[in-house]
Amino acid sequence: MTTQPDEAVIDCRNLWKIFGRRADEAMKAVQERGLGKLEVRDRFDCVVGVQDATFTVGRGEIFCIMGLSGSGKSTLIRHVNRLIEPTSGQLFIEGQDVNQLSAKDLREVRAEKIGMVFQNMALMPHRTVLENVSFSQEVRGHDPKERRDNAMRAIDAVDLNGWDQKYPDELSGGMQQRVGLARAIAADPSILLMDEPFSALDPLIRRQLQDKFMSLSAEMKKTTLFITHDLDEAIRIGDRIAIMKDGALVQVGTPEDIVTNPADEYVADFVAGISKLELISAAKIMTPVEQYEQMNGPANKDGWPEAHPGQSLDDLVNLSVQTQHPVLVKADGRTVGVVTKNALLRGIQGDVADAAGLKH
Amino acid sequence: MAENTFSILDPFSSVDLGLADAADGVKQWAIANRALIQPVKKFFNEMIVGIDSALNAVPPLVMLVILILIAWQAAGRRVAILVGISMVVLGFLSPNAWGLAMTTLAIVVSAVIMSFIIGLPLGVLAGKNDRFETAIRPVLDTMQTIPAFVYLVPVVMLIGIGNVSGVIVTVIFALPPLIRLTSLGIRGVNASVVEAARAFGASPRQILFKVELPLATPTILAGVNQTIMLSLSMVVIASMISVKGLGNEVLRAMGRLDAGKALVGGLGIVILAIVLDRITQGMGQSGRERGHRHWWQGGPVGAVLRLTGRA
Ligand SMILES: Nc1ncnc2c1ncn2[C@@H]1O[C@H](COP(=O)(O)OP(=O)(O)OP(=O)(O)O)[C@@H](O)[C@H]1O
Ligand SMILES: [Mg+2]
C-alpha cells in the first residue's frame with residue numbers, strides 16, 4: 001500500500017467506471033484503441049460513467065464537482081466510499097486504497113470516517129429524525145447514550161431542535177435535507193460527501209442552507225467533496241472546482257481560474273452568465289506599473305485611490321467611483337500596478353486579458 | 001405393456017415412463033423409513049395438540065375478551081366491536097361450535113406459524129436473488145393450483161392421517177402468497193434508502209433487519225393475511241384426513257345430508273375468517289394511519305399507559 005502525503009485526504013487516480021455487462025472488454029478496448037464514449041455504447045452496449053478522473057482533495061478543503069445532468073458526478077462521488085467499484089484506477093482515502101479494504105474495514109471507514117448526503121435525501125421513513133441521525137453510530141454498536149448525545153448535537157447544529165422525535169414525512173423538504181446533513185456529521189467524520197444536497201430546494205432555502213453549511217464547515221474543517229450543477233453554488237462554496245463533462249474532468253481550478261480562464265467552450269459557456277465582481281482580484285486586471293508608465297508617461301499619482309492586489313472588482317468599483325483617477329495597486333507599500341476605468345469595465349465582463357492590456 | 005406396439009400416430013399410449021409407479025414407490029419408502037418419520041410426526045402432533053388444548057382450556061368468555069383486546073390493539077375500536085359480535089354469534093351457532101372453532105383455530109395457527117417459518121426466509125431469498133425467484137415461481141404456481149387431492153394421498157402415505165398431515169397439506173396450499181409477498185416487499189424497498197444504509201456502514205444483516213424487513217412489513221403482513229385465509233379454506237379438505245374441528249362438521253354433514261350441521265360448520269369457518277382477516281389487516285396498517293405514532297400508544301395498552309400516567 002502506498003502512503004500518500006498527508007495533505008491529500010482524497011486521492012483519485014485515473015479512475016474509470018464503465019457500466020454494463022461487458023465493461024471489462026470495453027475498458028480494454030478503450031485503453032488499447034482509445035474508443036470514445038459513443039463507440040463504447042454502440043459496440044459494447046456499455047455506458048461510460050467516469051473517464052480517467054484524477055484529482056486530489058486536501059485536508060479541510062471544499063472541492064466542488066460541477067457538471068450537467070448525466071455527466072457522472074454521482075457516479076464519481078460514489079467511488080469514494082466504494083458504493084461503486086471502479087472498472088479501472090484507484091482511489092485513496094488518507095493513503096488507504098478503498099478498493100483493497102476488507103468488508104469489515106470498509107464498513108468501519110464508511111461509518112466513522114465518511115459522512116454522505118444524498119441527492120434524493122434517502123432518509124429512512126420508518127425511523128424518527130433522531131434514529132436516522134444516529135444510524136451510523138448504531139450500526140457500529142456505540143453506547144446508546146453517547147450516540148444520542150452526538151446525534152442531538154448534530155440535530156442542534158442544523159437548527160432542528162425539538163424535531164428529533166418526528167418522522168421524515170412530517171418535515172418539509174428543506175428540513176429533511178437538514179436531517180440528511182445532520183446524519184452525515186453526527187459521527188464526526190473527517191470527510192463529507194455531498195451529492196447535490198441543496199438542488200431540490202427553492203432558491204431562498206438553498207441560500208440559507210448554503211450559509212448554514214459554510215458556517216458549519218468553517219467550524220468543523222471537514223474535507224468535503226461537494227457536487228452541484230449550479231456554478232454559483234460551486235463558486236460560493238468551493239475552494240476549488242472541477243468541471244465535469246461526459247464523465248471526464250475538463251478543468252480543475254480555483255473559482256477565479258475557472259471564471260477567468262475557462263479551458264474550453266463548454267466551461268466558457270458555463271461561466272458566461274456568472275457575475276465576476278467577487279471573483280476577480282485587482283492583481284488579475286491591473287496593468288503593471290512599468291507598462292502603464294511606458295504607455296502614458298510618468299504620472300503624478302497624488303490623490304489616486306489605493307488597493308491591494310487581493311481586493312475584488314467590487315471593492316475596486318467602490319474606490320473608483322469616488323474619483324476620476326485610476327486605482328493604484330500596492331503590495332507591501334510598493335506600487336505594482338494600475339487599474340484604469342476601462343480595465344475595470346473589461347474586468348467586470350470577465351475579459352481579464354483585455355483588461356490587463358495584454359491584448360494591445 | 002408388451003402388447004402395445006408403438007404407433008407414430010398415437011405415441012402416448014404405447015410409451016410408459018413409469019411415473020405413476022414411481023410415485024407409488026413413495027409408499028414403500030415411507031414404510032421403510034417409519035423410524036425416521038414417526039418421531040418428527042410425534043413432535044409436531046404434540047405441538048398442535050398442545051395449542052389446541054390450550055385454546056380449549058381457556059373459558060370461552062375469557063377467550064372472547066382476549067380476542068376483543070387483541071383486535072382493539074391491532075386494528076382499533078371498530079374492528080374490536082365487530083370481532084366481539086362475530087365471536088358471540090359463532091358461540092351461539094350450536095352448543096359445541098366454540099370448541100370446534102378453537103380446534104380449527106389451533107390448526108390454522110399451527111399452519112400459519114409453519115408457513116411463516118418456512119416462507120419468510122424463502123421470500124427474503126427470492127426478493128434478493130433473481131435466479132432463486134425465477135426458480136421458485138413455477139413451484140409456487142404448482143403449489144397453488146394443483147388440486148389438493150393429488151398431494152393428499154402421498155402425504156397420508158408418508159405420514160399417515162391426523163393433525164400433522166392436515167397442517168402439511170394446509171401449508172402446501174397456504175404458503176405461496178407469503179413467499180410471493182415477502183419477495184415483493186423486499187423488492188419494493190426504496191433502493192436509495194438501502195444505499196444510504198450501506199453508505200453509513202451497515203452490514204448486509206443490519207440492512208436486512210434494520211431497513212428492508214421493517215419497510216417490507218406491511219407487504220409481508222398482507223402475505224400473512226392471505227396465508228391465514230387460504231389455511232381456513234383448507235379446513236374441510238384437511239378434515240378428510242381426520243383433522244377435527246369445524247371442517248369435520250361440514251364433512252360429516254355432507255355425508256349425512258344434514259343441512260343444519262353444514263350451516264353451523266360453514267358459518268363458523270366464515271366468521272373465523274372474517275375475524276382473523278380484520279385483525280391481521282389492522283396489523284398491516286401503520287399506527288400513524290390511525291393517528292398515533294407507536295403501536296403501544298393506541299388501543300388498550302395505550303389506555304392503560306395513559307391511566308397509569310406513563311405516556
Ligand atoms: N447503475 C448504472 N447502470 C448503468 N448506467 C448508469 C448507472 N448509474 C449511472 N449510469 C449512467 O452514468 C451516467 C452518469 O450518471 P450520474 O448519475 O453519475 O450523473 P450525474 O452527473 O449525477 O447526473 P445528475 O445531475 O442528473 O444527478 C449516466 O449516463 C447514467 O445513465
Ligand atoms: Mg447525480
# chains A, B, ... in the order shown; residues from 1 in each chain; ligands from 1
call {"tool": "closest_atom_pairs", "arguments": {"of": "chain B", "to": "chain A", "cutoff": "12 Å", "atoms": "only C-alpha atoms", "output": "CSV"}}
result
residue,atom,partner,partner_atom,distance
B:Val189,CA,A:Met124,CA,10.4
B:Asn190,CA,A:Ala122,CA,8.4
B:Ala191,CA,A:Ala122,CA,8.8
B:Ser192,CA,A:Ala122,CA,5.6
B:Val193,CA,A:Ala122,CA,4.8
B:Val194,CA,A:Ala122,CA,8.4
B:Glu195,CA,A:Leu83,CA,7.6
B:Ala196,CA,A:Ala122,CA,6.3
B:Ala197,CA,A:Phe135,CA,8.0
B:Arg198,CA,A:Leu83,CA,7.6
B:Ala199,CA,A:Arg110,CA,5.9
B:Phe200,CA,A:Ala111,CA,4.7
B:Gly201,CA,A:Arg107,CA,4.2
B:Ala202,CA,A:Val139,CA,5.7
B:Ser203,CA,A:Arg107,CA,7.2
B:Pro204,CA,A:Ala103,CA,10.4
B:Arg205,CA,A:Val139,CA,10.4
B:Gln206,CA,A:Val139,CA,7.2
B:Ile207,CA,A:Val139,CA,9.4
B:Phe209,CA,A:Val139,CA,11.2
B:Lys210,CA,A:Val139,CA,9.3
B:Val211,CA,A:Met124,CA,7.6
B:Glu212,CA,A:Met124,CA,10.2
B:Leu213,CA,A:His126,CA,10.8
B:Pro214,CA,A:His126,CA,7.3
B:Leu215,CA,A:His126,CA,6.9
B:Ala216,CA,A:His126,CA,10.5
B:Thr217,CA,A:His126,CA,10.6
B:Pro218,CA,A:His126,CA,11.6
B:Ser286,CA,A:His126,CA,10.0
B:Gly287,CA,A:His126,CA,11.5
B:Arg288,CA,A:Tyr167,CA,10.2
B:His292,CA,A:Lys166,CA,11.9
B:Arg293,CA,A:Tyr167,CA,9.2
B:His294,CA,A:His126,CA,10.9
call {"tool": "residues_around", "arguments": {"residues": "stretch 221-231 of chain B", "least_positions_apart": "2", "cutoff": "8 Å", "atoms": "only C-alpha atoms", "output": "VMD selection string"}}
result
chain B and resid 108 111 to 112 115 to 116 170 to 171 173 to 182 217 to 219 233 to 235 273 276 to 277 280 to 281 283 to 284
call {"tool": "write_last_selection", "arguments": {"atoms": "N, CA and C atoms", "output": "mmCIF file, in the first residue's frame"}}
result
data_model
loop_
_atom_site.group_PDB
_atom_site.id
_atom_site.type_symbol
_atom_site.label_atom_id
_atom_site.label_comp_id
_atom_site.auth_asym_id
_atom_site.auth_seq_id
_atom_site.Cartn_x
_atom_site.Cartn_y
_atom_site.Cartn_z
ATOM 1 N N VAL B 108 -55.140 -23.769 12.237
ATOM 2 C CA VAL B 108 -54.770 -22.614 11.411
ATOM 3 C C VAL B 108 -53.525 -21.931 11.981
ATOM 4 N N ALA B 111 -50.533 -23.997 11.196
ATOM 5 C CA ALA B 111 -50.173 -23.909 9.778
ATOM 6 C C ALA B 111 -49.539 -22.560 9.462
ATOM 7 N N VAL B 112 -50.072 -21.493 10.074
ATOM 8 C CA VAL B 112 -49.536 -20.161 9.789
ATOM 9 C C VAL B 112 -48.131 -20.016 10.371
ATOM 10 N N SER B 115 -45.905 -21.901 8.080
ATOM 11 C CA SER B 115 -45.746 -21.154 6.829
ATOM 12 C C SER B 115 -44.789 -19.994 7.022
ATOM 13 N N PHE B 116 -44.917 -19.326 8.167
ATOM 14 C CA PHE B 116 -44.089 -18.162 8.427
ATOM 15 C C PHE B 116 -42.623 -18.577 8.551
ATOM 16 N N THR B 170 -52.222 -28.111 4.449
ATOM 17 C CA THR B 170 -52.623 -26.703 4.552
ATOM 18 C C THR B 170 -51.457 -25.786 4.196
ATOM 19 N N VAL B 171 -50.280 -26.118 4.720
ATOM 20 C CA VAL B 171 -49.105 -25.276 4.444
ATOM 21 C C VAL B 171 -48.789 -25.283 2.948
ATOM 22 N N PHE B 173 -50.719 -25.448 0.517
ATOM 23 C CA PHE B 173 -51.628 -24.576 -0.214
ATOM 24 C C PHE B 173 -51.496 -23.107 0.203
ATOM 25 N N ALA B 174 -51.186 -22.880 1.497
ATOM 26 C CA ALA B 174 -51.267 -21.514 2.022
ATOM 27 C C ALA B 174 -49.940 -20.764 1.979
ATOM 28 N N LEU B 175 -48.847 -21.485 1.732
ATOM 29 C CA LEU B 175 -47.524 -20.866 1.795
ATOM 30 C C LEU B 175 -47.210 -19.888 0.650
ATOM 31 N N PRO B 176 -47.584 -20.213 -0.597
ATOM 32 C CA PRO B 176 -47.117 -19.374 -1.717
ATOM 33 C C PRO B 176 -47.336 -17.873 -1.583
ATOM 34 N N PRO B 177 -48.526 -17.409 -1.175
ATOM 35 C CA PRO B 177 -48.668 -15.942 -1.138
ATOM 36 C C PRO B 177 -47.707 -15.275 -0.170
ATOM 37 N N LEU B 178 -47.367 -15.974 0.913
ATOM 38 C CA LEU B 178 -46.437 -15.370 1.867
ATOM 39 C C LEU B 178 -45.063 -15.195 1.222
ATOM 40 N N ILE B 179 -44.611 -16.227 0.503
ATOM 41 C CA ILE B 179 -43.313 -16.113 -0.171
ATOM 42 C C ILE B 179 -43.358 -15.010 -1.225
ATOM 43 N N ARG B 180 -44.401 -15.025 -2.019
ATOM 44 C CA ARG B 180 -44.525 -14.018 -3.077
ATOM 45 C C ARG B 180 -44.540 -12.605 -2.504
ATOM 46 N N LEU B 181 -45.347 -12.403 -1.476
ATOM 47 C CA LEU B 181 -45.492 -11.034 -0.974
ATOM 48 C C LEU B 181 -44.261 -10.592 -0.177
ATOM 49 N N THR B 182 -43.590 -11.540 0.482
ATOM 50 C CA THR B 182 -42.337 -11.169 1.146
ATOM 51 C C THR B 182 -41.312 -10.716 0.102
ATOM 52 N N THR B 217 -42.566 -4.734 5.978
ATOM 53 C CA THR B 217 -43.536 -5.332 6.894
ATOM 54 C C THR B 217 -44.994 -5.245 6.439
ATOM 55 N N PRO B 218 -45.474 -4.098 5.992
ATOM 56 C CA PRO B 218 -46.882 -4.070 5.569
ATOM 57 C C PRO B 218 -47.179 -5.100 4.476
ATOM 58 N N THR B 219 -46.271 -5.240 3.522
ATOM 59 C CA THR B 219 -46.486 -6.211 2.445
ATOM 60 C C THR B 219 -46.415 -7.637 2.985
ATOM 61 N N SER B 233 -59.500 -21.904 4.221
ATOM 62 C CA SER B 233 -60.232 -22.519 3.115
ATOM 63 C C SER B 233 -59.840 -23.983 2.944
ATOM 64 N N MET B 234 -58.787 -24.422 3.628
ATOM 65 C CA MET B 234 -58.361 -25.815 3.510
ATOM 66 C C MET B 234 -58.952 -26.708 4.597
ATOM 67 N N VAL B 235 -59.672 -26.141 5.569
ATOM 68 C CA VAL B 235 -60.015 -26.965 6.735
ATOM 69 C C VAL B 235 -60.953 -28.109 6.378
ATOM 70 N N ALA B 273 -62.922 -16.634 9.619
ATOM 71 C CA ALA B 273 -62.154 -15.972 8.553
ATOM 72 C C ALA B 273 -62.262 -14.459 8.664
ATOM 73 N N LEU B 276 -60.218 -13.187 11.740
ATOM 74 C CA LEU B 276 -58.762 -13.215 11.549
ATOM 75 C C LEU B 276 -58.329 -12.221 10.477
ATOM 76 N N ASP B 277 -59.138 -12.087 9.450
ATOM 77 C CA ASP B 277 -58.807 -11.152 8.376
ATOM 78 C C ASP B 277 -58.733 -9.723 8.891
ATOM 79 N N THR B 280 -55.636 -9.146 11.209
ATOM 80 C CA THR B 280 -54.332 -9.067 10.534
ATOM 81 C C THR B 280 -54.251 -7.880 9.590
ATOM 82 N N GLN B 281 -55.375 -7.516 8.996
ATOM 83 C CA GLN B 281 -55.343 -6.317 8.155
ATOM 84 C C GLN B 281 -54.993 -5.085 8.981
ATOM 85 N N MET B 283 -53.160 -5.040 11.601
ATOM 86 C CA MET B 283 -51.729 -5.035 11.916
ATOM 87 C C MET B 283 -50.914 -4.479 10.763
ATOM 88 N N GLY B 284 -51.393 -4.712 9.543
ATOM 89 C CA GLY B 284 -50.659 -4.248 8.363
ATOM 90 C C GLY B 284 -50.654 -2.743 8.224
#
call {"tool": "residues_near_ligand", "arguments": {"ligand": "ligand 1", "cutoff": "12 Å", "atoms": "only C-alpha atoms and all ligand atoms", "output": "ChimeraX atom specification"}}
result
/A:16-23,37-38,41,45-51,65-79,83-85,118-120,194-200,226-230,243-249 /B:191-192
call {"tool": "select_by_dssp", "arguments": {"residues": "stretch 187-351 of chain A", "states": "strand (DSSP E)", "output": "ChimeraX atom specification"}}
result
/A:191-195,223-228,240-245,248-253,287-288,306-307,327-331,334-339
call {"tool": "atom_distance", "arguments": {"atom1": "atom CA of A:Gly238", "atom2": "atom CA of A:Glu256"}}
result
10.7 Å
call {"tool": "atom_distance", "arguments": {"atom1": "atom CA of B:Gly282", "atom2": "atom CA of B:Gln297"}}
result
14.9 Å
call {"tool": "select_by_dssp", "arguments": {"residues": "stretch 14-249 of chain B", "states": "alpha helix (DSSP H)", "output": "ChimeraX atom specification"}}
result
/B:14,19-32,34-57,60-75,77-93,97-128,130-145,148-159,163-188,191-199,204-206,213-233,235-239,246-249
call {"tool": "residues_around", "arguments": {"residues": "stretch 302-307 of chain A", "least_positions_apart": "2", "cutoff": "8 Å", "atoms": "only C-alpha atoms", "output": "PyMOL selection string"}}
result
chain A and resi 282+300+309+311+316+319-320+323+325-330
call {"tool": "write_last_selection", "arguments": {"atoms": "N, CA, C and O atoms", "output": "short mmCIF file (atom, residue, chain, number, x, y, z; two decimals), in the first residue's frame"}}
result
data_model
loop_
_atom_site.label_atom_id
_atom_site.label_comp_id
_atom_site.auth_asym_id
_atom_site.auth_seq_id
_atom_site.Cartn_x
_atom_site.Cartn_y
_atom_site.Cartn_z
N ALA A 282 -7.85 42.39 -8.09
CA ALA A 282 -7.14 43.51 -8.72
C ALA A 282 -5.91 43.01 -9.47
O ALA A 282 -5.59 43.48 -10.57
N ASN A 300 1.70 62.01 -12.14
CA ASN A 300 1.59 62.42 -10.75
C ASN A 300 0.44 61.64 -10.11
O ASN A 300 -0.71 61.78 -10.50
N PRO A 309 -3.51 43.92 -4.03
CA PRO A 309 -3.77 43.03 -5.18
C PRO A 309 -4.91 42.04 -4.97
O PRO A 309 -5.54 41.60 -5.92
N GLN A 311 -7.81 42.54 -3.57
CA GLN A 311 -9.18 43.09 -3.50
C GLN A 311 -9.99 42.78 -4.75
O GLN A 311 -9.45 42.72 -5.86
N LEU A 316 -12.94 47.51 -6.01
CA LEU A 316 -12.33 48.47 -6.93
C LEU A 316 -13.38 49.45 -7.46
O LEU A 316 -13.11 50.64 -7.60
N LEU A 319 -13.98 52.04 -4.87
CA LEU A 319 -12.90 53.03 -4.82
C LEU A 319 -12.96 53.96 -6.02
O LEU A 319 -12.77 55.16 -5.92
N SER A 320 -13.25 53.37 -7.15
CA SER A 320 -13.15 54.09 -8.40
C SER A 320 -14.22 55.15 -8.58
O SER A 320 -13.98 56.18 -9.21
N THR A 323 -13.65 59.02 -7.59
CA THR A 323 -12.66 59.91 -8.23
C THR A 323 -12.60 59.66 -9.73
O THR A 323 -13.13 58.68 -10.23
N HIS A 325 -9.57 59.46 -11.12
CA HIS A 325 -8.28 58.83 -11.35
C HIS A 325 -8.38 57.32 -11.41
O HIS A 325 -9.31 56.74 -10.86
N PRO A 326 -7.37 56.68 -12.04
CA PRO A 326 -7.27 55.22 -11.95
C PRO A 326 -6.94 54.80 -10.52
O PRO A 326 -6.58 55.64 -9.70
N VAL A 327 -7.05 53.50 -10.26
CA VAL A 327 -6.74 52.99 -8.92
C VAL A 327 -5.33 52.42 -8.92
O VAL A 327 -4.94 51.69 -9.84
N LEU A 328 -4.57 52.78 -7.88
CA LEU A 328 -3.22 52.23 -7.73
C LEU A 328 -3.29 50.92 -6.97
O LEU A 328 -4.04 50.79 -6.00
N VAL A 329 -2.54 49.92 -7.42
CA VAL A 329 -2.48 48.66 -6.68
C VAL A 329 -1.14 48.57 -5.99
O VAL A 329 -0.09 48.64 -6.63
N LYS A 330 -1.18 48.49 -4.66
CA LYS A 330 0.07 48.49 -3.89
C LYS A 330 0.22 47.20 -3.11
O LYS A 330 -0.73 46.73 -2.48
#
call {"tool": "atom_distance", "arguments": {"atom1": "atom CA of A:Asn14", "atom2": "atom CA of A:Asp232"}}
result
27.9 Å
call {"tool": "residues_around", "arguments": {"residues": "A:Val352", "least_positions_apart": "5", "cutoff": "8 Å", "atoms": "only C-alpha atoms", "output": "MDAnalysis selection string"}}
result
chainID A and resid 260 284:285 346:347
call {"tool": "closest_atom_pairs", "arguments": {"of": "stretch 171-254 of chain B", "to": "stretch 97-105 of chain B", "cutoff": "7 Å", "atoms": "only C-alpha atoms", "output": "JSON lines"}}
result
{"residue": "B:Lys244", "atom": "CA", "partner": "B:Thr103", "partner_atom": "CA", "distance": 6.9}
{"residue": "B:Gly245", "atom": "CA", "partner": "B:Leu100", "partner_atom": "CA", "distance": 4.4}
{"residue": "B:Leu246", "atom": "CA", "partner": "B:Leu100", "partner_atom": "CA", "distance": 5.3}
call {"tool": "residues_around", "arguments": {"residues": "B:Gly260", "least_positions_apart": "4", "cutoff": "12 Å", "atoms": "only C-alpha atoms", "output": "PyMOL selection string"}}
result
chain B and resi 93-94+249-250+252-254+256+264-267
